[in-house]
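Single-structure report; data block below.
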Amino acid sequence: MRTKIAKKSNAGFTTVGDVSRRAIIGDHYVDGMLKEKNAFDHEWQEYLNNQLWGRTWARGILSHQQLSLINLSMLAGLGRMEEFELHFRIALTRTKVPLLQLREILLHIGMYCGVPIGRDAFAIARRVLKEEGIDVSRLDEVPAKKTSKKAKK
């Protein structure tokens, strides 16, 4: 029995979910997933759009940066390193988590999830940083504090 191809419409998809999904993972990624959608997995895509993106990422209680850090922690804890790589790239390029915070979460991951997972997380991070052309050579330099005129008196 052949699976019927779903109509190209996204009937049942909420706008807030679609907007949130595209803002976080990008049009290219979303369009690729939806292009492959068929009658069998239409409900799954609708569920992801409406619940995960529309009712979790779009709530606005936690920032997208905070949600990215939470996702990285959970994915590493589960050993889901392929998904970890996707979310590390999202944190770096789309939700704009600062590099110092990304490094800090990787240190916590290594401590709480174990050295092998921490090692894998850092290897993925190094690869993604290189692929994205991110210079980390000056990561630890702290900018000099500006002294106010009041402080000089």
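Simple scheme: letters A, B, ... for chains in structure tokens order, numbers from 1 for residues in each chain, numbers from 1 for ligands in the order shown.
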
Query raised in the report: Do you know which residues are at most 10 Å from stretch 68-75 of chain A counting only C-alpha atoms, after dropping those on the same chain fewer than 6 positions away, and could you put them as a ChimeraX atom specification?
Result: /A:24,57,62,81-92,94-97,101-102,104-106,108-110,112-113,121

**Report entry** Which of stretch 14-88 of chain A DSSP labels helix (DSSP H, G or I), written as a ChimeraX atom specification
**Finding:** /A:15-25,27-35,42-57,64-78,81-88

Based on the selection just made, write C-alpha atoms of those residues as a JSON list (two decimals), in the first residue's frame.
[["chain", "number", "residue", "atom", "x", "y", "z"],
["A", 15, "THR", "CA", 0.46, 31.16, 12.25],
["A", 16, "VAL", "CA", 2.21, 31.77, 15.57],
["A", 17, "GLY", "CA", 3.80, 28.32, 15.39],
["A", 18, "ASP", "CA", 4.91, 28.79, 11.81],
["A", 19, "VAL", "CA", 6.40, 32.24, 12.49],
["A", 20, "SER", "CA", 8.20, 31.00, 15.60],
["A", 21, "ARG", "CA", 9.50, 27.88, 13.87],
["A", 22, "ARG", "CA", 10.87, 29.85, 10.95],
["A", 23, "ALA", "CA", 12.46, 32.47, 13.21],
["A", 24, "ILE", "CA", 14.36, 29.83, 15.17],
["A", 25, "ILE", "CA", 15.32, 27.17, 12.64],
["A", 27, "ASP", "CA", 12.88, 29.01, 6.26],
["A", 28, "HIS", "CA", 15.23, 26.62, 4.46],
["A", 29, "TYR", "CA", 15.02, 23.98, 7.20],
["A", 30, "VAL", "CA", 11.24, 24.33, 7.66],
["A", 31, "ASP", "CA", 10.54, 24.30, 3.92],
["A", 32, "GLY", "CA", 12.67, 21.16, 3.56],
["A", 33, "MET", "CA", 10.71, 19.37, 6.27],
["A", 34, "LEU", "CA", 7.37, 20.46, 4.87],
["A", 35, "LYS", "CA", 8.36, 19.48, 1.34],
["A", 42, "HIS", "CA", 1.12, 15.56, 8.40],
["A", 43, "GLU", "CA", -0.28, 15.22, 11.94],
["A", 44, "TRP", "CA", 3.27, 15.07, 13.36],
["A", 45, "GLN", "CA", 4.28, 18.25, 11.52],
["A", 46, "GLU", "CA", 1.08, 19.97, 12.64],
["A", 47, "TYR", "CA", 1.76, 18.87, 16.24],
["A", 48, "LEU", "CA", 5.33, 20.21, 16.09],
["A", 49, "ASN", "CA", 4.21, 23.48, 14.56],
["A", 50, "ASN", "CA", 1.32, 24.11, 16.93],
["A", 51, "GLN", "CA", 2.60, 22.67, 20.20],
["A", 52, "LEU", "CA", 6.40, 22.81, 20.15],
["A", 53, "TRP", "CA", 6.75, 26.06, 18.23],
["A", 54, "GLY", "CA", 3.42, 27.76, 18.87],
["A", 55, "ARG", "CA", 2.98, 26.87, 22.53],
["A", 56, "THR", "CA", 6.55, 26.51, 23.80],
["A", 57, "TRP", "CA", 9.03, 28.65, 21.85],
["A", 64, "HIS", "CA", 15.04, 32.19, 22.86],
["A", 65, "GLN", "CA", 18.63, 32.26, 24.14],
["A", 66, "GLN", "CA", 17.56, 30.61, 27.39],
["A", 67, "LEU", "CA", 15.55, 27.98, 25.51],
["A", 68, "SER", "CA", 18.57, 27.28, 23.29],
["A", 69, "LEU", "CA", 20.77, 26.67, 26.35],
["A", 70, "ILE", "CA", 18.13, 24.42, 27.90],
["A", 71, "ASN", "CA", 17.84, 22.44, 24.66],
["A", 72, "LEU", "CA", 21.60, 21.96, 24.43],
["A", 73, "SER", "CA", 21.67, 20.64, 27.99],
["A", 74, "MET", "CA", 18.77, 18.23, 27.51],
["A", 75, "LEU", "CA", 20.00, 16.94, 24.16],
["A", 76, "ALA", "CA", 23.50, 16.31, 25.51],
["A", 77, "GLY", "CA", 22.03, 14.58, 28.56],
["A", 78, "LEU", "CA", 20.09, 12.29, 26.25],
["A", 81, "MET", "CA", 24.39, 14.59, 19.49],
["A", 82, "GLU", "CA", 23.03, 14.97, 15.93],
["A", 83, "GLU", "CA", 20.22, 17.11, 17.30],
["A", 84, "PHE", "CA", 22.72, 18.79, 19.66],
["A", 85, "GLU", "CA", 24.72, 19.90, 16.62],
["A", 86, "LEU", "CA", 21.63, 21.39, 14.99],
["A", 87, "HIS", "CA", 20.74, 23.27, 18.17],
["A", 88, "PHE", "CA", 24.32, 24.43, 18.76]]

Requested in this report: Using atom CA of A:Leu100 and atom CA of A:Arg119 as the two end points, give the distance in Å to one decimal.
Outcome: 17.3 Å

Report task. Grab the atom CA of A:Pro116 to atom CA of A:Thr93 distance for me, in Å with one decimal place. Result ->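 These two atoms are separated by 25.5 Å.
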
Query - Proximity to A:Arg103 - best of A:Asp140, A:Gly79, A:Glu132, A:Val115, only C-alpha atoms - result: A:Asp140

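Each of A:Arg80, A:Arg59, A:Leu99, A:Glu131 was compared to A:Ile117 using only C-alpha atoms, and A:Arg80 turns out to be the nearest.
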
Query - Interatomic distance (Å, one decimal) between atom CA of A:Leu107 and atom CA of A:Ile124 - result: 13.5 Å
